[in-house]
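Text of the file run39.txt, holding compact mmCIF, C-alpha atoms (C1' of nucleotides):
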```
# COMPACT_ATOMS: atom_id res chain seq x y z
CA MET A 761 -47.91 -85.44 65.19
CA SER A 762 -49.93 -88.28 66.67
CA LYS A 763 -53.06 -87.57 68.65
CA LYS A 764 -51.37 -88.78 71.82
CA GLU A 765 -48.53 -86.34 71.30
CA SER A 766 -50.83 -83.42 70.63
CA ILE A 767 -52.80 -84.25 73.77
CA LEU A 768 -49.58 -84.25 75.78
CA GLN A 769 -48.48 -80.95 74.29
CA ALA A 770 -51.80 -79.24 74.86
CA ALA A 771 -51.98 -80.64 78.38
CA THR A 772 -48.60 -79.11 79.19
CA TRP A 773 -49.89 -75.72 78.19
CA LEU A 774 -53.23 -76.15 79.94
CA PHE A 775 -51.83 -77.44 83.23
CA ALA A 776 -49.29 -74.62 83.20
CA LYS A 777 -51.92 -72.00 82.53
CA LYS A 778 -54.72 -73.19 84.80
CA GLY A 779 -53.21 -75.62 87.26
CA PHE A 780 -54.19 -79.24 87.78
CA LYS A 781 -57.67 -78.76 89.20
CA ASP A 782 -58.83 -75.99 86.88
CA ALA A 783 -57.63 -77.71 83.73
CA SER A 784 -60.63 -79.67 82.49
CA MET A 785 -60.62 -82.65 80.23
CA ALA A 786 -63.47 -81.10 78.25
CA GLU A 787 -61.31 -78.10 77.39
CA LEU A 788 -58.37 -80.33 76.56
CA SER A 789 -60.67 -82.26 74.26
CA LYS A 790 -61.73 -79.08 72.48
CA MET A 791 -58.15 -77.85 72.13
CA THR A 792 -56.85 -81.04 70.58
CA GLY A 793 -59.88 -82.17 68.61
CA ALA A 794 -59.65 -85.51 70.40
CA ALA A 795 -62.77 -86.83 72.09
CA GLU A 796 -62.68 -87.14 75.86
CA GLY A 797 -62.78 -90.89 75.50
CA THR A 798 -59.62 -90.75 73.40
CA ILE A 799 -57.74 -88.91 76.11
CA PHE A 800 -58.66 -91.59 78.61
CA TYR A 801 -57.72 -94.25 76.10
CA HIS A 802 -54.14 -92.94 76.01
CA PHE A 803 -53.86 -91.86 79.67
CA LYS A 804 -55.78 -93.86 82.21
CA ASN A 805 -56.71 -90.81 84.28
CA LYS A 806 -55.98 -87.13 84.80
CA GLU A 807 -53.19 -87.80 87.28
CA THR A 808 -51.39 -90.12 84.88
CA LEU A 809 -51.62 -87.48 82.18
CA PHE A 810 -50.17 -84.92 84.58
CA LEU A 811 -47.28 -87.24 85.39
CA ALA A 812 -46.59 -87.75 81.70
CA VAL A 813 -46.49 -83.97 81.30
CA LEU A 814 -44.05 -83.65 84.20
CA GLU A 815 -41.78 -86.24 82.65
CA THR A 816 -41.59 -84.38 79.37
CA VAL A 817 -40.91 -81.16 81.29
CA LYS A 818 -38.02 -82.81 83.06
CA LEU A 819 -36.61 -84.24 79.83
CA LYS A 820 -36.94 -80.97 77.94
CA ILE A 821 -35.30 -78.85 80.63
CA ILE A 822 -32.41 -81.20 81.32
CA ASN A 823 -31.84 -81.71 77.62
CA GLU A 824 -31.86 -78.00 76.91
CA PHE A 825 -29.25 -77.27 79.59
CA ASP A 826 -27.11 -80.23 78.59
CA GLU A 827 -27.00 -78.96 75.02
CA TYR A 828 -26.17 -75.45 76.18
CA THR A 829 -23.30 -76.42 78.46
CA ALA A 830 -21.94 -78.90 75.92
CA LYS A 831 -21.97 -76.44 73.04
CA LYS A 832 -20.74 -73.31 74.76
CA GLU A 833 -17.19 -72.88 75.96
CA PHE A 834 -16.59 -71.06 79.23
CA LYS A 835 -13.37 -69.25 79.93
CA THR A 836 -13.71 -69.49 83.71
CA GLY A 837 -15.98 -71.15 86.25
CA LEU A 838 -17.28 -67.75 87.28
CA GLU A 839 -18.22 -66.99 83.69
CA MET A 840 -19.98 -70.33 83.49
CA VAL A 841 -22.08 -69.55 86.58
CA LEU A 842 -23.11 -66.19 85.17
CA ASP A 843 -23.85 -67.58 81.72
CA VAL A 844 -25.89 -70.45 83.11
CA ALA A 845 -27.92 -68.04 85.23
CA SER A 846 -28.52 -65.87 82.17
CA PHE A 847 -29.49 -68.89 80.14
CA TYR A 848 -31.93 -69.88 82.88
CA LEU A 849 -33.65 -66.51 82.59
CA TYR A 850 -33.62 -66.81 78.82
CA MET A 851 -35.19 -70.27 78.88
CA ALA A 852 -37.85 -69.25 81.36
CA GLY A 853 -38.82 -66.44 79.00
CA HIS A 854 -38.72 -68.71 76.01
CA SER A 855 -40.60 -71.70 77.48
CA PRO A 856 -42.67 -70.24 80.29
CA ASP A 857 -44.96 -73.29 80.43
CA LEU A 858 -42.18 -75.58 81.60
CA PHE A 859 -41.24 -73.35 84.51
CA MET A 860 -44.79 -72.44 85.39
CA LEU A 861 -45.49 -76.12 85.93
CA LEU A 862 -42.54 -76.35 88.28
CA HIS A 863 -43.63 -73.24 90.15
CA ARG A 864 -47.20 -74.35 90.79
CA HIS A 865 -47.94 -76.38 93.88
CA ASP A 866 -49.75 -79.19 92.07
CA ALA A 867 -46.63 -81.22 91.43
CA TYR A 868 -45.31 -80.87 94.99
CA GLU A 869 -48.59 -81.96 96.48
CA LEU A 870 -48.66 -84.99 94.23
CA ALA A 871 -45.01 -85.70 95.08
CA GLU A 872 -45.98 -86.07 98.74
CA VAL A 873 -47.91 -89.23 97.92
CA ASN A 874 -46.49 -90.29 94.57
CA PRO A 875 -42.83 -91.42 94.45
CA VAL A 876 -42.66 -91.22 90.66
CA CYS A 877 -43.72 -87.60 90.75
CA ARG A 878 -41.18 -86.89 93.47
CA GLU A 879 -38.49 -88.54 91.35
CA TYR A 880 -39.27 -86.35 88.33
CA LEU A 881 -39.05 -83.22 90.43
CA GLU A 882 -35.86 -84.22 92.20
CA ASP A 883 -34.23 -85.22 88.93
CA THR A 884 -35.13 -81.88 87.39
CA TYR A 885 -33.85 -79.80 90.29
CA ASN A 886 -30.77 -81.92 90.93
CA GLY A 887 -29.91 -81.67 87.26
CA LEU A 888 -30.06 -77.89 87.42
CA VAL A 889 -28.21 -77.56 90.72
CA ASP A 890 -25.56 -79.95 89.46
CA ILE A 891 -24.77 -77.58 86.61
CA PHE A 892 -24.24 -74.70 89.00
CA GLU A 893 -22.15 -76.93 91.23
CA ARG A 894 -19.92 -77.98 88.36
CA ALA A 895 -19.43 -74.33 87.48
CA VAL A 896 -18.53 -73.43 91.08
CA ASN A 897 -16.05 -76.31 91.30
CA LEU A 898 -14.53 -75.22 88.03
CA GLY A 899 -14.26 -71.67 89.28
CA GLN A 900 -12.58 -72.73 92.47
CA GLU A 901 -10.01 -74.69 90.47
CA ASP A 902 -9.22 -71.84 88.10
CA GLY A 903 -9.30 -69.26 90.89
CA SER A 904 -12.20 -67.21 89.59
CA ILE A 905 -14.39 -68.18 92.55
CA GLY A 906 -13.42 -67.89 96.20
CA ALA A 907 -13.45 -70.58 98.90
CA MET A 908 -16.97 -71.61 99.88
CA PRO A 909 -18.99 -74.86 100.03
CA ALA A 910 -19.69 -75.71 96.39
CA ARG A 911 -22.98 -77.60 96.71
CA LYS A 912 -24.56 -75.17 99.11
CA THR A 913 -23.43 -72.23 97.04
CA ALA A 914 -24.90 -73.89 93.96
CA LEU A 915 -28.22 -74.24 95.79
CA ILE A 916 -28.12 -70.58 96.74
CA LEU A 917 -27.38 -69.54 93.16
CA PHE A 918 -30.16 -71.71 91.85
CA THR A 919 -32.65 -70.48 94.44
CA LEU A 920 -31.88 -66.87 93.58
CA THR A 921 -32.14 -67.36 89.83
CA ASP A 922 -35.29 -69.44 90.02
CA GLY A 923 -36.82 -67.03 92.51
CA LEU A 924 -36.40 -64.20 90.03
CA VAL A 925 -38.15 -66.20 87.33
CA ARG A 926 -40.98 -66.93 89.72
CA PHE A 927 -41.48 -63.31 90.68
CA ASN A 928 -41.52 -62.38 87.05
CA SER A 929 -44.35 -64.82 86.38
CA TYR A 930 -46.38 -63.18 89.14
CA ASN A 931 -46.48 -59.90 87.23
CA LEU A 932 -45.67 -57.93 90.36
CA TYR A 933 -42.07 -57.08 89.60
CA ASN A 934 -40.17 -57.32 86.37
CA ALA A 935 -37.39 -59.87 86.61
CA GLY A 936 -36.06 -58.81 83.23
CA ALA A 937 -35.17 -55.44 84.71
CA LEU A 938 -33.26 -57.23 87.44
CA SER A 939 -31.24 -59.59 85.29
CA SER A 940 -28.16 -57.39 85.20
CA GLU A 941 -28.43 -56.87 88.95
CA LEU A 942 -28.71 -60.64 89.39
CA ILE A 943 -25.48 -61.16 87.50
CA ALA A 944 -23.72 -58.43 89.46
CA ALA A 945 -24.93 -59.87 92.76
CA CYS A 946 -23.75 -63.36 91.84
CA LYS A 947 -20.37 -62.02 90.82
CA ARG A 948 -19.90 -60.18 94.12
CA MET A 949 -21.14 -63.20 96.04
CA LEU A 950 -18.65 -65.52 94.39
CA THR A 951 -15.51 -63.42 94.16
CA ASN A 952 -15.45 -62.23 97.76
CA SER A 953 -13.13 -64.20 100.00
CA MET B 1428 -63.76 -65.91 119.54
CA SER B 1429 -66.77 -65.11 117.35
CA LYS B 1430 -67.96 -67.54 114.72
CA LYS B 1431 -66.87 -65.16 111.98
CA GLU B 1432 -63.37 -65.00 113.39
CA SER B 1433 -63.09 -68.75 113.71
CA ILE B 1434 -64.24 -69.15 110.11
CA LEU B 1435 -61.56 -66.68 108.97
CA GLN B 1436 -58.89 -68.45 110.98
CA ALA B 1437 -59.84 -71.91 109.75
CA ALA B 1438 -60.08 -70.62 106.18
CA THR B 1439 -56.53 -69.30 106.38
CA TRP B 1440 -55.31 -72.73 107.33
CA LEU B 1441 -57.47 -74.53 104.77
CA PHE B 1442 -56.63 -72.27 101.81
CA ALA B 1443 -52.96 -72.54 102.71
CA LYS B 1444 -53.09 -76.30 102.94
CA LYS B 1445 -55.28 -77.13 99.95
CA GLY B 1446 -55.36 -74.08 97.74
CA PHE B 1447 -58.42 -72.10 96.68
CA LYS B 1448 -60.10 -74.69 94.50
CA ASP B 1449 -59.52 -77.73 96.69
CA ALA B 1450 -60.65 -76.03 99.86
CA SER B 1451 -64.35 -76.81 100.12
CA MET B 1452 -66.94 -74.91 102.08
CA ALA B 1453 -68.24 -78.23 103.36
CA GLU B 1454 -64.89 -78.99 104.99
CA LEU B 1455 -64.62 -75.48 106.36
CA SER B 1456 -68.09 -75.94 107.81
CA LYS B 1457 -67.03 -79.18 109.51
CA MET B 1458 -63.84 -77.62 110.87
CA THR B 1459 -65.54 -74.64 112.44
CA GLY B 1460 -68.84 -76.19 113.47
CA ALA B 1461 -70.60 -73.41 111.56
CA ALA B 1462 -73.24 -74.40 109.06
CA GLU B 1463 -72.44 -73.66 105.43
CA GLY B 1464 -75.15 -71.06 105.40
CA THR B 1465 -73.43 -69.24 108.23
CA ILE B 1466 -70.24 -68.93 106.23
CA PHE B 1467 -72.13 -67.32 103.37
CA TYR B 1468 -73.94 -65.07 105.77
CA HIS B 1469 -70.62 -63.56 106.88
CA PHE B 1470 -68.80 -63.70 103.53
CA LYS B 1471 -70.89 -63.28 100.43
CA ASN B 1472 -68.96 -65.89 98.46
CA LYS B 1473 -65.81 -68.01 98.45
CA GLU B 1474 -63.75 -65.34 96.69
CA THR B 1475 -64.69 -62.70 99.24
CA LEU B 1476 -63.66 -65.06 102.02
CA PHE B 1477 -60.35 -65.63 100.27
CA LEU B 1478 -59.78 -61.90 99.99
CA ALA B 1479 -60.53 -61.45 103.68
CA VAL B 1480 -57.95 -64.11 104.43
CA LEU B 1481 -55.38 -62.37 102.22
CA GLU B 1482 -55.96 -59.12 104.04
CA THR B 1483 -55.29 -60.66 107.43
CA VAL B 1484 -52.17 -62.29 106.02
CA LYS B 1485 -50.92 -58.92 104.84
CA LEU B 1486 -51.68 -57.27 108.18
CA LYS B 1487 -50.09 -60.03 110.21
CA ILE B 1488 -46.87 -60.14 108.19
CA ILE B 1489 -46.37 -56.38 107.99
CA ASN B 1490 -47.19 -55.99 111.66
CA GLU B 1491 -44.79 -58.74 112.69
CA PHE B 1492 -41.91 -57.18 110.76
CA ASP B 1493 -42.72 -53.69 111.97
CA GLU B 1494 -42.58 -54.88 115.56
CA TYR B 1495 -39.32 -56.69 114.96
CA THR B 1496 -37.50 -53.79 113.33
CA ALA B 1497 -38.88 -51.33 115.89
CA LYS B 1498 -37.85 -53.40 118.89
CA LYS B 1499 -34.44 -54.60 117.79
CA GLU B 1500 -31.43 -52.33 117.50
CA PHE B 1501 -29.02 -52.87 114.65
CA LYS B 1502 -25.37 -51.87 114.90
CA THR B 1503 -24.92 -51.54 111.14
CA GLY B 1504 -27.04 -51.67 107.99
CA LEU B 1505 -25.34 -54.90 107.01
CA GLU B 1506 -26.27 -56.44 110.33
CA MET B 1507 -29.84 -55.31 109.81
CA VAL B 1508 -30.01 -57.01 106.41
CA LEU B 1509 -28.72 -60.27 107.83
CA ASP B 1510 -31.00 -60.12 110.86
CA VAL B 1511 -34.05 -59.35 108.77
CA ALA B 1512 -33.28 -62.26 106.47
CA SER B 1513 -32.90 -64.54 109.50
CA PHE B 1514 -36.14 -63.26 110.93
CA TYR B 1515 -37.84 -63.96 107.63
CA LEU B 1516 -36.76 -67.59 107.81
CA TYR B 1517 -37.81 -67.74 111.43
CA MET B 1518 -41.27 -66.33 110.70
CA ALA B 1519 -41.80 -68.66 107.77
CA GLY B 1520 -41.07 -71.59 110.07
CA HIS B 1521 -43.28 -70.19 112.78
CA SER B 1522 -46.29 -69.21 110.62
CA PRO B 1523 -46.04 -71.42 107.54
CA ASP B 1524 -49.68 -70.79 106.57
CA LEU B 1525 -49.11 -67.11 105.90
CA PHE B 1526 -46.23 -67.75 103.53
CA MET B 1527 -47.83 -70.76 101.91
CA LEU B 1528 -50.73 -68.55 100.88
CA LEU B 1529 -48.31 -66.09 99.29
CA HIS B 1530 -46.48 -68.88 97.50
CA ARG B 1531 -49.53 -70.47 95.92
CA HIS B 1532 -50.71 -69.19 92.56
CA ASP B 1533 -54.30 -68.64 93.63
CA ALA B 1534 -53.75 -65.10 94.83
CA TYR B 1535 -51.76 -64.05 91.75
CA GLU B 1536 -54.39 -65.38 89.40
CA LEU B 1537 -57.06 -63.50 91.28
CA ALA B 1538 -54.87 -60.40 91.28
CA GLU B 1539 -54.94 -60.41 87.48
CA VAL B 1540 -58.63 -59.57 87.54
CA ASN B 1541 -59.17 -58.18 91.04
CA PRO B 1542 -57.49 -54.87 91.93
CA VAL B 1543 -58.14 -55.30 95.66
CA CYS B 1544 -56.32 -58.60 95.64
CA ARG B 1545 -53.47 -57.08 93.67
CA GLU B 1546 -53.26 -54.28 96.20
CA TYR B 1547 -52.98 -56.70 99.12
CA LEU B 1548 -50.18 -58.57 97.42
CA GLU B 1549 -48.29 -55.47 96.38
CA ASP B 1550 -48.62 -53.98 99.84
CA THR B 1551 -47.28 -57.14 101.41
CA TYR B 1552 -44.30 -57.44 99.10
CA ASN B 1553 -43.52 -53.74 99.01
CA GLY B 1554 -43.59 -53.71 102.78
CA LEU B 1555 -41.05 -56.49 102.94
CA VAL B 1556 -38.78 -55.13 100.21
CA ASP B 1557 -38.91 -51.71 101.84
CA ILE B 1558 -37.41 -53.14 105.00
CA PHE B 1559 -34.51 -54.60 103.06
CA GLU B 1560 -34.08 -51.33 101.18
CA ARG B 1561 -33.96 -49.31 104.39
CA ALA B 1562 -31.31 -51.67 105.69
CA VAL B 1563 -29.25 -51.35 102.52
CA ASN B 1564 -29.47 -47.55 102.61
CA LEU B 1565 -28.44 -47.59 106.25
CA GLY B 1566 -25.50 -49.83 105.42
CA GLN B 1567 -24.35 -47.60 102.61
CA GLU B 1568 -24.43 -44.61 104.96
CA ASP B 1569 -22.47 -46.33 107.70
CA GLY B 1570 -20.09 -47.95 105.23
CA SER B 1571 -20.94 -51.58 106.02
CA ILE B 1572 -22.43 -52.11 102.55
CA GLY B 1573 -20.72 -51.26 99.26
CA ALA B 1574 -21.95 -49.11 96.40
CA MET B 1575 -24.85 -50.70 94.52
CA PRO B 1576 -28.42 -49.76 93.60
CA ALA B 1577 -30.35 -49.99 96.89
CA ARG B 1578 -33.83 -50.89 95.62
CA LYS B 1579 -32.69 -53.48 93.15
CA THR B 1580 -30.35 -54.99 95.71
CA ALA B 1581 -33.22 -55.13 98.18
CA LEU B 1582 -35.30 -56.99 95.60
CA ILE B 1583 -32.47 -59.45 95.05
CA LEU B 1584 -32.09 -60.02 98.78
CA PHE B 1585 -35.80 -60.52 99.19
CA THR B 1586 -36.03 -62.88 96.22
CA LEU B 1587 -33.22 -65.00 97.59
CA THR B 1588 -34.62 -65.20 101.10
CA ASP B 1589 -38.15 -65.87 99.97
CA GLY B 1590 -36.94 -68.42 97.44
CA LEU B 1591 -35.28 -70.38 100.21
CA VAL B 1592 -38.49 -70.43 102.20
CA ARG B 1593 -40.37 -71.63 99.16
CA PHE B 1594 -37.97 -74.47 98.47
CA ASN B 1595 -38.22 -75.51 102.07
CA SER B 1596 -41.99 -75.79 101.82
CA TYR B 1597 -41.58 -78.10 98.83
CA ASN B 1598 -39.83 -80.68 101.00
CA LEU B 1599 -37.20 -81.26 98.34
CA TYR B 1600 -34.34 -79.45 99.99
CA ASN B 1601 -33.93 -78.27 103.54
CA ALA B 1602 -33.76 -74.51 103.71
CA GLY B 1603 -32.91 -74.67 107.38
CA ALA B 1604 -29.63 -76.33 106.50
CA LEU B 1605 -28.93 -73.47 104.12
CA SER B 1606 -29.69 -70.58 106.46
CA SER B 1607 -26.05 -70.03 107.48
CA GLU B 1608 -25.02 -70.23 103.85
CA LEU B 1609 -27.71 -67.69 102.97
CA ILE B 1610 -26.30 -65.26 105.51
CA ALA B 1611 -22.75 -65.81 104.30
CA ALA B 1612 -23.81 -65.30 100.68
CA CYS B 1613 -25.63 -62.07 101.51
CA LYS B 1614 -22.62 -60.79 103.42
CA ARG B 1615 -20.26 -61.46 100.51
CA MET B 1616 -22.75 -59.99 98.07
CA LEU B 1617 -23.06 -56.75 100.02
CA THR B 1618 -19.50 -56.10 101.18
CA ASN B 1619 -17.79 -56.56 97.83
CA SER B 1620 -17.05 -53.37 96.00
C1' DT C 979 -59.67 -109.03 50.72
C1' DT C 980 -60.32 -109.76 55.30
C1' DG C 981 -60.60 -109.56 60.18
C1' DA C 982 -58.87 -108.48 64.41
C1' DA C 983 -56.67 -105.12 67.06
C1' DA C 984 -55.80 -100.40 67.87
C1' DA C 985 -57.59 -95.89 67.87
C1' DC C 986 -61.28 -93.00 68.36
C1' DC C 987 -65.89 -91.16 69.48
C1' DG C 988 -69.36 -88.51 72.45
C1' DA C 989 -73.48 -89.17 75.14
C1' DC C 990 -73.93 -90.41 79.63
C1' DT C 991 -73.24 -91.06 84.84
C1' DG C 992 -72.81 -89.93 89.57
C1' DA C 993 -70.25 -87.46 92.86
C1' DG C 994 -68.99 -83.06 94.56
C1' DC C 995 -69.20 -78.28 94.33
C1' DG C 996 -70.73 -73.24 95.54
C1' DC C 997 -74.50 -71.07 96.85
C1' DT C 998 -79.69 -70.12 98.08
C1' DC C 999 -83.46 -69.73 100.98
C1' DA C 1000 -87.29 -70.48 104.04
C1' DA C 1001 -87.38 -71.44 108.73
C1' DT C 1002 -85.66 -70.97 113.55
C1' DT C 1003 -83.37 -69.08 117.54
C1' DG C 1004 -82.34 -65.93 121.23
C1' DG C 1005 -81.62 -61.49 122.63
C1' DT C 1006 -83.02 -56.46 122.50
C1' DT C 1007 -86.24 -52.64 121.84
C1' DT C 1008 -90.81 -50.73 121.82
C1' DA D 843 -96.40 -58.84 125.32
C1' DA D 844 -95.36 -57.61 120.76
C1' DA D 845 -92.28 -56.39 117.30
C1' DC D 846 -87.91 -56.54 115.59
C1' DC D 847 -83.38 -58.21 114.06
C1' DA D 848 -78.85 -60.29 113.54
C1' DA D 849 -77.14 -64.83 113.59
C1' DT D 850 -77.70 -69.48 112.43
C1' DT D 851 -79.36 -73.69 110.20
C1' DG D 852 -79.25 -77.55 106.57
C1' DA D 853 -81.86 -79.43 102.84
C1' DG D 854 -81.72 -78.80 98.22
C1' DC D 855 -80.76 -76.58 93.51
C1' DG D 856 -78.10 -76.07 89.39
C1' DC D 857 -73.96 -77.00 87.54
C1' DT D 858 -69.26 -78.85 86.46
C1' DC D 859 -66.35 -82.41 86.30
C1' DA D 860 -63.48 -86.88 85.76
C1' DG D 861 -64.28 -90.98 84.20
C1' DT D 862 -67.22 -94.89 81.62
C1' DC D 863 -69.10 -97.47 77.98
C1' DG D 864 -71.03 -99.27 73.86
C1' DG D 865 -70.24 -98.49 69.45
C1' DT D 866 -67.64 -96.89 65.09
C1' DT D 867 -63.62 -96.07 62.19
C1' DT D 868 -58.80 -96.87 60.90
C1' DT D 869 -54.87 -99.61 60.37
C1' DC D 870 -52.24 -103.25 58.65
C1' DA D 871 -50.50 -107.99 58.60
C1' DA D 872 -51.87 -112.27 56.75
```

This structure in structure tokens:
Amino acid sequence: MSKKESILQAATWLFAKKGFKDASMAELSKMTGAAEGTIFYHFKNKETLFLAVLETVKLKIINEFDEYTAKKEFKTGLEMVLDVASFYLYMAGHSPDLFMLLHRHDAYELAEVNPVCREYLEDTYNGLVDIFERAVNLGQEDGSIGAMPARKTALILFTLTDGLVRFNSYNLYNAGALSSELIAACKRMLTNS
Amino acid sequence: MSKKESILQAATWLFAKKGFKDASMAELSKMTGAAEGTIFYHFKNKETLFLAVLETVKLKIINEFDEYTAKKEFKTGLEMVLDVASFYLYMAGHSPDLFMLLHRHDAYELAEVNPVCREYLEDTYNGLVDIFERAVNLGQEDGSIGAMPARKTALILFTLTDGLVRFNSYNLYNAGALSSELIAACKRMLTNS
DNA sequence: TTGAAAACCGACTGAGCGCTCAATTGGTTT
DNA sequence: AAACCAATTGAGCGCTCAGTCGGTTTTCAA
């Protein structure tokens, strides 16, 4: 792995763990073995490095879900919704850094003034909501999901699933213990007419 | 209003807007007209000030919801759930600072090492989830809500409502436009057997 | 082999930060 | 009038940090 790549990888972890402000270039330098000057040789400043991290987060998440939905076969749209929600919980447990970065406020504050940052975030979220929407549409065609606005329902499903992941990362409640209840709630929400 | 009170009030706004690290005592001093020394006379350090802010947030939120549920009469448990969710959205729009503070990671990171902070957060969340749970129990007694685990369902309802508020504060999607869909989704989720 | 570009290094800089402290004020008690 | 005290002040201290810079090493095509 090139030094640039290892910097990017370590930065993902560090920004996720400490947030933008509390992640210091000195610590990043120690972690990677690269001198501070080297970091600034590859990324012109801290903000640029953060943006590069956000881009890889977006690519990794979208790619992971694309692979999952392409590989797996779903019997019904309802089943697809439930499986995607489960997979979301699974991924968040498996790659907590990626989701932690999306749950911190750093990116949203930067997005207020930086269009590129905003684009990364919108792409990531739209990609995820799109998957739920496709599943809802599918379910409404095959009859497994009742009549309701597909896009808005997809946003609700996404909000609920993502909210559970977020609460889990706060260490106040255990989202794992709620996963089966999440699935049950989604099922009831979608099959009621 | 005493100088101490105005410091606390301004700090609430500043911590909510900028987060713990980016909120500087110099700016707080400018905002309030109090010298920096005065701030440290009333609050021994920045963390103590932050804790004091968190405590007022907890008190304000719990108090607001207590007043609401005490004043208003609910015909059924289901209606209470839906009304409480609506009131949650209303409050978040009316006092965005309070919820912004709960949505930032600062408090949760402090809670990892500071039991008092953890207590404030748990009290706040438990207070809110309790309201939903009472409503669900009520609904299951009067028959307006189907059979399902009350506490876990309350957590799901809370997660969903709070998640919507959070997304709204990110300025990526408009939670206001989803409020009617939130209510509809909750209704379907609760009345299905 | 060579030499220029790319990659890398780490001591250094200056701004900004939380916090301290000696001094001052104005009101109350003795 | 003297003593006391809580509240307030702001210059300044020690420290951390992102970012710079002059120099060194590595790479690789000619």

*Have a look at C:DG1005, C:DG981, C:DG988, C:DG996 and name the one nearest to chain B; count all atoms listed in the file.*
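Nearest candidate to chain B out of C:DG1005, C:DG981, C:DG988, C:DG996: C:DG996.
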
*Could you please determine the separation between CA of Thr829 in chain A and CA of His863 in chain A in Å, to one decimal place?*
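Separation between CA of Thr829 in chain A and CA of His863 in chain A: 23.7 Å.
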
*asked:* Just the number, please: distance in Å from CA of Thr792 in chain A to CA of Phe775 in chain A, one decimal.
replied: 14.1 Å

Using 9 Å as the limit and counting only C-alpha atoms (C1' of nucleotides), can you tabulate each residue of chain C that touches chain B, with its shortest atom-to-atom distance in Å and the two atoms involved, as a Markdown table?
```
| residue | atom | partner | partner_atom | distance |
| --- | --- | --- | --- | --- |
| C:DC995 | C1' | B:Ser1451 | CA | 7.7 |
| C:DG996 | C1' | B:Met1452 | CA | 7.7 |
| C:DC997 | C1' | B:Asn1472 | CA | 7.8 |
| C:DT998 | C1' | B:Gly1464 | CA | 8.7 |
```

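Here CA of Val813 in chain A and C1' of DC987 in chain C stand 23.8 Å from one another.
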
Counting all atoms listed in the file, what are the residues of chain D within 12 Å of chain A, and for each of them which pair of atoms is the nearest and at what distance in Å, to one decimal? Sort the table by chain and rising number, as JSON lines.
```
{"residue": "D:DT858", "atom": "C1'", "partner": "A:Ser784", "partner_atom": "CA", "distance": 9.5}
{"residue": "D:DC859", "atom": "C1'", "partner": "A:Ser784", "partner_atom": "CA", "distance": 7.4}
{"residue": "D:DA860", "atom": "C1'", "partner": "A:Met785", "partner_atom": "CA", "distance": 7.5}
{"residue": "D:DG861", "atom": "C1'", "partner": "A:Asn805", "partner_atom": "CA", "distance": 7.6}
{"residue": "D:DT862", "atom": "C1'", "partner": "A:Gly797", "partner_atom": "CA", "distance": 8.6}
{"residue": "D:DC863", "atom": "C1'", "partner": "A:Gly797", "partner_atom": "CA", "distance": 9.5}
{"residue": "D:DG864", "atom": "C1'", "partner": "A:Gly797", "partner_atom": "CA", "distance": 11.9}
```

Could you give me, as CSV, a per-residue list for chain A showing, wherever an atom lies at most 8 Å from an atom of chain B, the closest pair of atoms and their distance in Å to one decimal, using all atoms listed in the file and sorting by chain then residue number from low to high?
```
residue,atom,partner,partner_atom,distance
A:Lys781,CA,B:Lys1448,CA,7.1
A:Asp782,CA,B:Lys1448,CA,7.8
A:Arg864,CA,B:His1532,CA,6.5
A:His865,CA,B:Arg1531,CA,6.5
A:Tyr868,CA,B:Tyr1597,CA,6.0
A:Glu882,CA,B:Leu1599,CA,6.9
A:Lys912,CA,B:Glu1608,CA,6.9
A:Thr913,CA,B:Glu1608,CA,7.3
A:Ile916,CA,B:Leu1609,CA,6.9
A:Thr919,CA,B:Gly1590,CA,5.6
A:Leu920,CA,B:Leu1587,CA,4.6
A:Asp922,CA,B:Gly1590,CA,7.7
A:Gly923,CA,B:Gly1590,CA,5.1
A:Leu924,CA,B:Thr1586,CA,6.3
A:Phe927,CA,B:Thr1586,CA,7.8
A:Tyr930,CA,B:Tyr1535,CA,6.0
A:Leu932,CA,B:Glu1549,CA,7.0
A:Leu938,CA,B:Lys1579,CA,6.9
A:Glu941,CA,B:Lys1579,CA,6.9
A:Leu942,CA,B:Ile1583,CA,6.9
A:Ala945,CA,B:Met1616,CA,5.7
A:Cys946,CA,B:Met1616,CA,7.2
A:Lys947,CA,B:Met1616,CA,7.9
A:Arg948,CA,B:Met1616,CA,4.9
A:Met949,CA,B:Met1616,CA,4.1
A:Leu950,CA,B:Arg1615,CA,7.5
A:Asn952,CA,B:Arg1615,CA,5.6
A:Ser953,CA,B:Arg1615,CA,7.7
```

*Name the residues in contact with Ser1513 in chain B at a cut-off of 8 Å, using only C-alpha atoms (C1' of nucleotides), excluding same-chain residues fewer than 4 positions from it; report them as a list in words.*
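Once the adjacent positions are removed, what remains is Leu1509, Tyr1517, Ser1606 and Ile1610 of chain B.
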
*May I have the residues within 12 Å of DC847 in chain D as JSON, numbers by chain, using only C-alpha atoms (C1' of nucleotides) and disregarding those fewer than 3 positions away in the same chain?*
{"C": [1003, 1004, 1005, 1006, 1007]}

_All residues 12 Å or closer to Thr1439 in chain B, all atoms listed in the file, same chain fewer than 3 positions away omitted, as an NGL selection string_ = :B and (1432-1436 or 1442-1447 or 1450 or 1455 or 1458 or 1476-1485 or 1487 or 1522-1529)

*asked:* Using all atoms listed in the file, list the residues that have an atom at most 10 Å from (-11.2, -67.5, 91.7), coordinates as in the file, as a PyMOL selection string.
replied: chain A and resi 836-838+896+898-907+950-953

*Could you give me, as a list in words, the residues within 8 Å of DC986 in chain C, counting only C-alpha atoms (C1' of nucleotides) and dropping anything in the same chain fewer than 3 positions from it?*
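Using only C-alpha atoms (C1' of nucleotides), the neighbours found are Ala794, Ala795, Gly797 and Thr798 of chain A; DT867 of chain D.
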